[in-house]
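The next block holds one structure in the form of structure tokens; read it before the comments.
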2 protein chains.
Amino acid sequence: MGKLLIVGTVAFDAIETPFGKTEKILGGAATYIGLSASYFNLDAALISVVGGDFPDEYIRMLKEKGIDVSGIEIKKEGKTFFWSGRYDYNLNTRDTLVTDLNVLADFDPVVPENFADCDFLMLGNLHPSVQMSVINQIPIRPKLVVLDTMNFWMNNTMDELIEVIRKVDVITINDEEARQLSGEYSLVRAAEKIHKMGPQYVVIKKGENGALLFSNGDVFFAPALPLEEIFDPTGAGDTFAGGFIGYLASTHDISFENMKRAVIYGSNFASFCVEKFGTERMVDLSQKEIQTRLKQFKLLTQFEIELKH
Amino acid sequence: MGKLLIVGTVAFDAIETPFGKTEKILGGAATYIGLSASYFNLDAALISVVGGDFPDEYIRMLKEKGIDVSGIEIKKEGKTFFWSGRYDYNLNTRDTLVTDLNVLADFDPVVPENFADCDFLMLGNLHPSVQMSVINQIPIRPKLVVLDTMNFWMNNTMDELIEVIRKVDVITINDEEARQLSGEYSLVRAAEKIHKMGPQYVVIKKGENGALLFSNGDVFFAPALPLEEIFDPTGAGDTFAGGFIGYLASTHDISFENMKRAVIYGSNFASFCVEKFGTERMVDLSQKEIQTRLKQFKLLTQFEIELKH
């Protein structure tokens, strides 16, 4: 059974979309990644930090999903990281209204002893020095290390970010971030440049426009499933990453053919995530729902065409 | 052999992209549609109008591609329709700098006698009353009528547009236009509403983000091919439409399975179109190039996944 270690934020989010508004609800990259990965047959653990205000029921819920939460530090005297954002009508851009780092400001991750031998490591979006600290605590290099990051770290801590990028196998970023990181407009060329920075695999997330997987000349595309209801994109990218690494960890196969299936699984979970606010849809998916959507992905993308040689 | 009639603009374009700038070059929806369709085994004819300033060599080139040009009226005393535009850095939005309708202002299309029995009709982006005039000149309803249009007609001649939409089998529009036409944000719901307006098939073009084909509950997605070089998006949508209807006309099969292949062919031709300015890349493609890219489309999209029942 694959052993998957996830580091990232566990947070409160307050979200406003064109379709509704929430008070503080459960959020955070590690939460979405963990929930998504929890649908696979694997051992998963989260490393994160929350404050004394973080409800026990959320911790209990993660535990019930089979996630090892011993790496979630609870700082009784502190407050949980809080993010608030508002999406515009087309859901493609959002304004951050509040970012209260709180206990995240001096997050010092500690890898739980029983996961020091993890074979899959997911570095959720965080300060690159925090991501590096986790890499450095793992004595034997995992089979696969996946890094998620964002433009904020490119703008503010590029040198540290470059150091982390050098150490990982897969990087997941969006199209604008790929262009910023590489200085190339063409995503094909951007991926080529990013390969040279370290990662053998580059996953470019395009939100409602799907995701591209590049690996040294090979390229695969997974569309987003066209949905009746798109409610809240928060966490879709993290949910994608969780489905991606969760599938790889459960199959223990990191061939390009299997990575294709992994991005389809990632897109599949992301399609559920956006249908309700926050993590609501991700807490109790049935295997039947998951399989039904996989069939829809096949119908959506598979075709027969005669090639003349 | 399928008989395909195309109505649309034949024009001069002056284009500015982040990568370069042209003087007046050959453009127009019907030109791109015709060139793209010309790679299939079919009889194609163009209906359009140009001025006395339109070079013979362009007419000759279209003829050499096997296109019947007897329906291109040359108004010796007039000037050819001229459009000029500038694309922003990400190539997704453009400003129109000049629109000189010239001879297009009172374009009165005449269906050539030998194409009154066409079995495929492509209504390129034009004033809906011009599109309707062509429909009305064809005594026996073609096997398939495809309509391309844009937001300009939705803003200015919605009633006439609705009348044309009622008469066609396929509509091709972009995502924003689908939302405008239907009042629905979800493209799934937008397509449902547009079906009810008439067309059994709705093709939603998303530029570098591919194209969706909807037909009463069925949905298929063709990505855009990730390219090293994206130079000029002008005409990509028309080239897509030409590949789409050209493939259908040459195979004489309008089943949903075949429409899937048609959107792949459409995306395939569009991938060439954007690599150079204007029609440059579309005038002398080889069958080998076309087949090689079809293989790339397969590699890009096809995957094997085990479904649990």
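Here's how to read the names in the structure tokens: chain A, B, ... by the order shown, residue numbers from 1 in each chain, ligand numbers from 1 in the order shown.
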For this session: Tell me, as number ranges by chain, which residues lie within 8 Å of stretch 75-88 of chain B, counting only C-alpha atoms; anything in the same chain fewer than 3 positions away does not count.
Result: B: 9-18, 49-54, 91-104
Would you save the residues from that selection as an mmCIF file, in the first residue's frame, using C-alpha atoms?
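Just written: selection_23.cif:
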```
data_model
loop_
_atom_site.group_PDB
_atom_site.id
_atom_site.type_symbol
_atom_site.label_atom_id
_atom_site.label_comp_id
_atom_site.auth_asym_id
_atom_site.auth_seq_id
_atom_site.Cartn_x
_atom_site.Cartn_y
_atom_site.Cartn_z
ATOM 1 C CA THR B 9 -16.608 37.148 -46.431
ATOM 2 C CA VAL B 10 -13.562 37.280 -48.646
ATOM 3 C CA ALA B 11 -11.528 40.165 -47.355
ATOM 4 C CA PHE B 12 -8.329 42.045 -46.759
ATOM 5 C CA ASP B 13 -6.994 41.857 -43.217
ATOM 6 C CA ALA B 14 -4.252 43.867 -41.541
ATOM 7 C CA ILE B 15 -3.170 42.136 -38.364
ATOM 8 C CA GLU B 16 -1.005 43.008 -35.417
ATOM 9 C CA THR B 17 -0.031 40.353 -32.898
ATOM 10 C CA PRO B 18 2.613 40.479 -30.143
ATOM 11 C CA VAL B 49 -18.253 39.598 -52.965
ATOM 12 C CA VAL B 50 -15.010 41.499 -53.528
ATOM 13 C CA GLY B 51 -14.010 44.805 -55.116
ATOM 14 C CA GLY B 52 -12.002 45.727 -58.185
ATOM 15 C CA ASP B 53 -8.938 45.965 -55.951
ATOM 16 C CA PHE B 54 -8.985 42.234 -55.210
ATOM 17 C CA LEU B 91 -3.896 36.442 -27.854
ATOM 18 C CA ASN B 92 -7.300 35.890 -26.236
ATOM 19 C CA THR B 93 -8.671 39.365 -26.768
ATOM 20 C CA ARG B 94 -8.350 41.682 -29.725
ATOM 21 C CA ASP B 95 -9.231 45.247 -30.608
ATOM 22 C CA THR B 96 -10.774 45.981 -33.963
ATOM 23 C CA LEU B 97 -8.929 48.972 -35.416
ATOM 24 C CA VAL B 98 -10.738 49.309 -38.760
ATOM 25 C CA THR B 99 -13.858 47.786 -40.299
ATOM 26 C CA ASP B 100 -14.477 49.081 -43.834
ATOM 27 C CA LEU B 101 -17.472 47.146 -45.132
ATOM 28 C CA ASN B 102 -17.073 48.541 -48.676
ATOM 29 C CA VAL B 103 -18.728 46.123 -51.147
ATOM 30 C CA LEU B 104 -19.945 43.964 -48.257
#
```
Mind listing the helix (DSSP H, G or I) residues of stretch 15-122 of chain B, per DSSP on the backbone, as a PDB file with C-alpha atoms, in the first residue's frame?
```
ATOM      1  CA  ALA B  29     -14.349  33.810 -43.125  1.00  0.00           C
ATOM      2  CA  ALA B  30     -15.198  32.131 -46.438  1.00  0.00           C
ATOM      3  CA  THR B  31     -11.536  32.114 -47.439  1.00  0.00           C
ATOM      4  CA  TYR B  32     -10.486  30.249 -44.305  1.00  0.00           C
ATOM      5  CA  ILE B  33     -13.477  27.899 -44.450  1.00  0.00           C
ATOM      6  CA  GLY B  34     -12.857  27.169 -48.119  1.00  0.00           C
ATOM      7  CA  LEU B  35      -9.138  26.552 -47.724  1.00  0.00           C
ATOM      8  CA  SER B  36      -9.670  24.203 -44.805  1.00  0.00           C
ATOM      9  CA  ALA B  37     -12.476  22.271 -46.568  1.00  0.00           C
ATOM     10  CA  ASP B  56      -6.574  37.919 -59.472  1.00  0.00           C
ATOM     11  CA  GLU B  57      -3.887  35.762 -57.915  1.00  0.00           C
ATOM     12  CA  TYR B  58      -6.027  35.180 -54.822  1.00  0.00           C
ATOM     13  CA  ILE B  59      -8.975  34.050 -56.967  1.00  0.00           C
ATOM     14  CA  ARG B  60      -6.588  31.848 -58.933  1.00  0.00           C
ATOM     15  CA  MET B  61      -5.210  30.337 -55.731  1.00  0.00           C
ATOM     16  CA  LEU B  62      -8.710  29.413 -54.522  1.00  0.00           C
ATOM     17  CA  LYS B  63      -9.465  27.902 -57.944  1.00  0.00           C
ATOM     18  CA  GLU B  64      -6.272  25.878 -57.810  1.00  0.00           C
ATOM     19  CA  ASN B 102     -17.073  48.541 -48.676  1.00  0.00           C
ATOM     20  CA  VAL B 103     -18.728  46.123 -51.147  1.00  0.00           C
ATOM     21  CA  LEU B 104     -19.945  43.964 -48.257  1.00  0.00           C
ATOM     22  CA  ALA B 105     -22.368  46.744 -47.240  1.00  0.00           C
ATOM     23  CA  ASP B 106     -24.872  45.724 -49.895  1.00  0.00           C
ATOM     24  CA  GLU B 113     -27.171  27.233 -60.228  1.00  0.00           C
ATOM     25  CA  ASN B 114     -24.878  24.211 -60.046  1.00  0.00           C
ATOM     26  CA  PHE B 115     -24.852  24.414 -56.233  1.00  0.00           C
TER      27      PHE B 115
END
```
Exercise. Restricting the calculation to only C-alpha atoms, which member of B:Ile140, B:Val188, B:Met122, B:Val134 is positioned closest to A:Leu227?
Worked result: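 Closest to A:Leu227, using only C-alpha atoms: B:Val188.
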In stretch 111-218 of chain A, DSSP strand (DSSP E or B) residues written as an mmCIF file with N, CA and C atoms, in the first residue's frame:
```cif
data_model
loop_
_atom_site.group_PDB
_atom_site.id
_atom_site.type_symbol
_atom_site.label_atom_id
_atom_site.label_comp_id
_atom_site.auth_asym_id
_atom_site.auth_seq_id
_atom_site.Cartn_x
_atom_site.Cartn_y
_atom_site.Cartn_z
ATOM 1 N N PHE A 120 5.448 8.580 -1.441
ATOM 2 C CA PHE A 120 4.889 9.680 -2.229
ATOM 3 C C PHE A 120 4.765 10.905 -1.330
ATOM 4 N N LEU A 121 5.273 12.017 -1.832
ATOM 5 C CA LEU A 121 5.261 13.256 -1.043
ATOM 6 C C LEU A 121 4.590 14.366 -1.847
ATOM 7 N N MET A 122 3.570 14.957 -1.246
ATOM 8 C CA MET A 122 2.855 16.060 -1.898
ATOM 9 C C MET A 122 3.106 17.343 -1.132
ATOM 10 N N LEU A 123 3.806 18.270 -1.781
ATOM 11 C CA LEU A 123 4.090 19.568 -1.174
ATOM 12 C C LEU A 123 3.024 20.556 -1.634
ATOM 13 N N LEU A 144 8.222 9.550 -5.611
ATOM 14 C CA LEU A 144 7.721 10.699 -6.374
ATOM 15 C C LEU A 144 7.419 11.861 -5.430
ATOM 16 N N VAL A 145 7.940 13.027 -5.814
ATOM 17 C CA VAL A 145 7.655 14.253 -5.058
ATOM 18 C C VAL A 145 6.920 15.223 -5.981
ATOM 19 N N VAL A 146 5.747 15.662 -5.544
ATOM 20 C CA VAL A 146 4.931 16.590 -6.327
ATOM 21 C C VAL A 146 4.871 17.925 -5.594
ATOM 22 N N LEU A 147 5.091 18.991 -6.352
ATOM 23 C CA LEU A 147 5.097 20.341 -5.782
ATOM 24 C C LEU A 147 3.969 21.164 -6.383
ATOM 25 N N ASP A 148 3.169 21.779 -5.523
ATOM 26 C CA ASP A 148 2.227 22.787 -5.999
ATOM 27 C C ASP A 148 2.709 24.133 -5.479
ATOM 28 N N VAL A 170 7.489 16.411 -10.053
ATOM 29 C CA VAL A 170 6.310 16.966 -10.720
ATOM 30 C C VAL A 170 6.035 18.344 -10.145
ATOM 31 N N ILE A 171 5.757 19.308 -11.017
ATOM 32 C CA ILE A 171 5.283 20.611 -10.544
ATOM 33 C C ILE A 171 3.893 20.838 -11.128
ATOM 34 N N THR A 172 2.974 21.320 -10.284
ATOM 35 C CA THR A 172 1.643 21.681 -10.781
ATOM 36 C C THR A 172 1.444 23.176 -10.577
ATOM 37 N N ILE A 173 1.201 23.879 -11.686
ATOM 38 C CA ILE A 173 0.968 25.329 -11.653
ATOM 39 C C ILE A 173 -0.071 25.660 -12.712
ATOM 40 N N ASN A 174 -0.604 26.866 -12.672
ATOM 41 C CA ASN A 174 -1.549 27.219 -13.733
ATOM 42 C C ASN A 174 -0.821 27.811 -14.947
ATOM 43 N N TYR A 201 8.172 16.055 -14.843
ATOM 44 C CA TYR A 201 6.769 16.182 -15.239
ATOM 45 C C TYR A 201 6.270 17.582 -14.894
ATOM 46 N N VAL A 202 5.584 18.194 -15.841
ATOM 47 C CA VAL A 202 5.003 19.509 -15.612
ATOM 48 C C VAL A 202 3.502 19.398 -15.865
ATOM 49 N N VAL A 203 2.722 19.707 -14.841
ATOM 50 C CA VAL A 203 1.263 19.702 -14.993
ATOM 51 C C VAL A 203 0.799 21.155 -14.998
ATOM 52 N N ILE A 204 0.174 21.567 -16.098
ATOM 53 C CA ILE A 204 -0.328 22.933 -16.196
ATOM 54 C C ILE A 204 -1.846 22.901 -16.056
ATOM 55 N N LYS A 205 -2.319 23.515 -14.970
ATOM 56 C CA LYS A 205 -3.747 23.519 -14.654
ATOM 57 C C LYS A 205 -4.393 24.735 -15.310
ATOM 58 N N ALA A 211 -6.393 20.409 -17.938
ATOM 59 C CA ALA A 211 -5.012 20.341 -17.463
ATOM 60 C C ALA A 211 -4.142 19.606 -18.479
ATOM 61 N N LEU A 212 -2.920 20.090 -18.609
ATOM 62 C CA LEU A 212 -1.942 19.494 -19.526
ATOM 63 C C LEU A 212 -0.844 18.819 -18.721
ATOM 64 N N LEU A 213 -0.444 17.648 -19.156
ATOM 65 C CA LEU A 213 0.679 16.936 -18.548
ATOM 66 C C LEU A 213 1.805 16.855 -19.573
ATOM 67 N N PHE A 214 2.956 17.403 -19.231
ATOM 68 C CA PHE A 214 4.113 17.357 -20.121
ATOM 69 C C PHE A 214 5.205 16.499 -19.504
ATOM 70 N N SER A 215 5.869 15.695 -20.334
ATOM 71 C CA SER A 215 7.054 14.989 -19.865
ATOM 72 C C SER A 215 8.028 14.812 -21.012
ATOM 73 N N ASP A 218 6.521 14.283 -24.470
ATOM 74 C CA ASP A 218 5.173 13.716 -24.431
ATOM 75 C C ASP A 218 4.204 14.736 -23.844
#
```
For this session: With a cut-off of 10 Å and counting only C-alpha atoms, select all residues of chain A in contact with chain B and give the selection as a PyMOL selection string.
Result: chain A and resi 89-91+176+184-190+192+206+208-210+212-213+218-231+257-258+260-262+264-265+287-288+290-292+294-309
Quick one: write out the picked residues with C-alpha atoms as a PDB file, in the first residue's frame?
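Result file result34.pdb:
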```
ATOM      1  CA  TYR A  89     -18.918  36.462 -12.663  1.00  0.00           C
ATOM      2  CA  ASN A  90     -16.903  34.185 -14.934  1.00  0.00           C
ATOM      3  CA  LEU A  91     -15.242  32.462 -11.933  1.00  0.00           C
ATOM      4  CA  GLU A 176      -0.139  32.087 -16.253  1.00  0.00           C
ATOM      5  CA  GLU A 184       7.679  31.683 -22.536  1.00  0.00           C
ATOM      6  CA  TYR A 185       4.216  32.288 -23.958  1.00  0.00           C
ATOM      7  CA  SER A 186       3.825  28.891 -25.619  1.00  0.00           C
ATOM      8  CA  LEU A 187       2.994  26.314 -22.968  1.00  0.00           C
ATOM      9  CA  VAL A 188       4.988  23.717 -24.912  1.00  0.00           C
ATOM     10  CA  ARG A 189       8.084  25.890 -24.627  1.00  0.00           C
ATOM     11  CA  ALA A 190       7.262  26.837 -21.040  1.00  0.00           C
ATOM     12  CA  GLU A 192      10.490  22.534 -21.853  1.00  0.00           C
ATOM     13  CA  LYS A 206      -6.182  25.615 -16.661  1.00  0.00           C
ATOM     14  CA  GLU A 208     -12.429  25.059 -16.360  1.00  0.00           C
ATOM     15  CA  ASN A 209     -10.202  24.513 -19.394  1.00  0.00           C
ATOM     16  CA  GLY A 210      -8.596  21.331 -18.132  1.00  0.00           C
ATOM     17  CA  LEU A 212      -1.942  19.494 -19.526  1.00  0.00           C
ATOM     18  CA  LEU A 213       0.679  16.936 -18.548  1.00  0.00           C
ATOM     19  CA  ASP A 218       5.173  13.716 -24.431  1.00  0.00           C
ATOM     20  CA  VAL A 219       1.988  15.625 -23.782  1.00  0.00           C
ATOM     21  CA  PHE A 220      -1.441  14.620 -22.539  1.00  0.00           C
ATOM     22  CA  PHE A 221      -4.549  16.691 -21.969  1.00  0.00           C
ATOM     23  CA  ALA A 222      -7.424  16.123 -19.546  1.00  0.00           C
ATOM     24  CA  PRO A 223     -10.427  18.398 -20.038  1.00  0.00           C
ATOM     25  CA  ALA A 224     -12.594  19.643 -17.231  1.00  0.00           C
ATOM     26  CA  LEU A 225     -15.944  17.887 -17.297  1.00  0.00           C
ATOM     27  CA  PRO A 226     -18.648  20.250 -18.596  1.00  0.00           C
ATOM     28  CA  LEU A 227     -21.042  20.629 -15.656  1.00  0.00           C
ATOM     29  CA  GLU A 228     -24.622  21.784 -15.190  1.00  0.00           C
ATOM     30  CA  GLU A 229     -23.672  23.431 -11.932  1.00  0.00           C
ATOM     31  CA  ILE A 230     -20.437  25.278 -11.233  1.00  0.00           C
ATOM     32  CA  PHE A 231     -20.686  26.814  -7.837  1.00  0.00           C
ATOM     33  CA  GLU A 257       0.674   5.957 -19.234  1.00  0.00           C
ATOM     34  CA  ASN A 258      -0.343   5.813 -15.596  1.00  0.00           C
ATOM     35  CA  LYS A 260      -2.404  10.062 -17.888  1.00  0.00           C
ATOM     36  CA  ARG A 261      -4.920   8.132 -15.805  1.00  0.00           C
ATOM     37  CA  ALA A 262      -3.818  10.129 -12.765  1.00  0.00           C
ATOM     38  CA  ILE A 264      -8.028  12.066 -15.482  1.00  0.00           C
ATOM     39  CA  TYR A 265      -8.657  11.053 -11.849  1.00  0.00           C
ATOM     40  CA  GLN A 287     -17.388   4.996  -5.569  1.00  0.00           C
ATOM     41  CA  LYS A 288     -20.404   4.747  -7.866  1.00  0.00           C
ATOM     42  CA  ILE A 290     -16.683   8.468  -9.121  1.00  0.00           C
ATOM     43  CA  GLN A 291     -16.978   5.610 -11.628  1.00  0.00           C
ATOM     44  CA  THR A 292     -19.946   7.199 -13.389  1.00  0.00           C
ATOM     45  CA  LEU A 294     -14.943   8.400 -15.228  1.00  0.00           C
ATOM     46  CA  LYS A 295     -17.250   6.959 -17.879  1.00  0.00           C
ATOM     47  CA  GLN A 296     -18.306  10.493 -18.766  1.00  0.00           C
ATOM     48  CA  PHE A 297     -14.634  11.438 -19.187  1.00  0.00           C
ATOM     49  CA  LYS A 298     -14.234   8.553 -21.624  1.00  0.00           C
ATOM     50  CA  LEU A 299     -17.310   9.567 -23.621  1.00  0.00           C
ATOM     51  CA  LEU A 300     -16.137  13.167 -23.591  1.00  0.00           C
ATOM     52  CA  THR A 301     -12.688  12.489 -25.011  1.00  0.00           C
ATOM     53  CA  GLN A 302     -12.426   9.137 -26.764  1.00  0.00           C
ATOM     54  CA  PHE A 303     -12.811   8.864 -30.528  1.00  0.00           C
ATOM     55  CA  GLU A 304     -11.914   6.505 -33.336  1.00  0.00           C
ATOM     56  CA  ILE A 305     -10.173   7.940 -36.352  1.00  0.00           C
ATOM     57  CA  GLU A 306      -8.570   6.207 -39.276  1.00  0.00           C
ATOM     58  CA  LEU A 307      -4.989   7.261 -39.807  1.00  0.00           C
ATOM     59  CA  LYS A 308      -3.439   7.002 -43.249  1.00  0.00           C
ATOM     60  CA  HIS A 309       0.193   6.033 -43.116  1.00  0.00           C
TER      61      HIS A 309
END
```
Exercise. Which value, in Å to one decimal, gives the distance between atom CA of B:Pro128 and atom CA of B:Glu160?
Worked result: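 Computing the Euclidean distance for atom CA of B:Pro128 and atom CA of B:Glu160 yields 5.8 Å.
Within 8 Å of B:Thr234, once only C-alpha atoms are used and residues closer than 3 positions along the same chain are dropped, the contacting residues are B:Gly237, B:Val274, B:Phe277, B:Gly278.
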Preceding selection exported with N, CA and C atoms as an mmCIF file, in the first residue's frame:
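New file again.cif:
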```cif
data_model
loop_
_atom_site.group_PDB
_atom_site.id
_atom_site.type_symbol
_atom_site.label_atom_id
_atom_site.label_comp_id
_atom_site.auth_asym_id
_atom_site.auth_seq_id
_atom_site.Cartn_x
_atom_site.Cartn_y
_atom_site.Cartn_z
ATOM 1 N N GLY B 237 -11.119 30.073 -35.977
ATOM 2 C CA GLY B 237 -12.488 29.588 -35.822
ATOM 3 C C GLY B 237 -13.107 29.184 -37.158
ATOM 4 N N VAL B 274 -2.955 28.876 -36.962
ATOM 5 C CA VAL B 274 -2.421 29.868 -36.023
ATOM 6 C C VAL B 274 -0.893 29.969 -36.031
ATOM 7 N N PHE B 277 0.988 34.011 -40.089
ATOM 8 C CA PHE B 277 0.031 35.086 -40.325
ATOM 9 C C PHE B 277 -1.020 34.666 -41.344
ATOM 10 N N GLY B 278 -2.258 35.062 -41.076
ATOM 11 C CA GLY B 278 -3.335 34.924 -42.066
ATOM 12 C C GLY B 278 -3.474 33.509 -42.578
#
```
Exercise. Which polymer residues have any atom within 10 Å of an atom of B:Thr251, counting only C-alpha atoms, with same-chain residues fewer than 3 positions away left out, as a VMD selection string?
Worked result: chain B and resid 1 to 2 40 to 42 245 to 248 254 258 262
Exercise. In Å, how far is it from atom CA of B:Asp169 to atom CA of B:Gly242?
Worked result: 15.5 Å
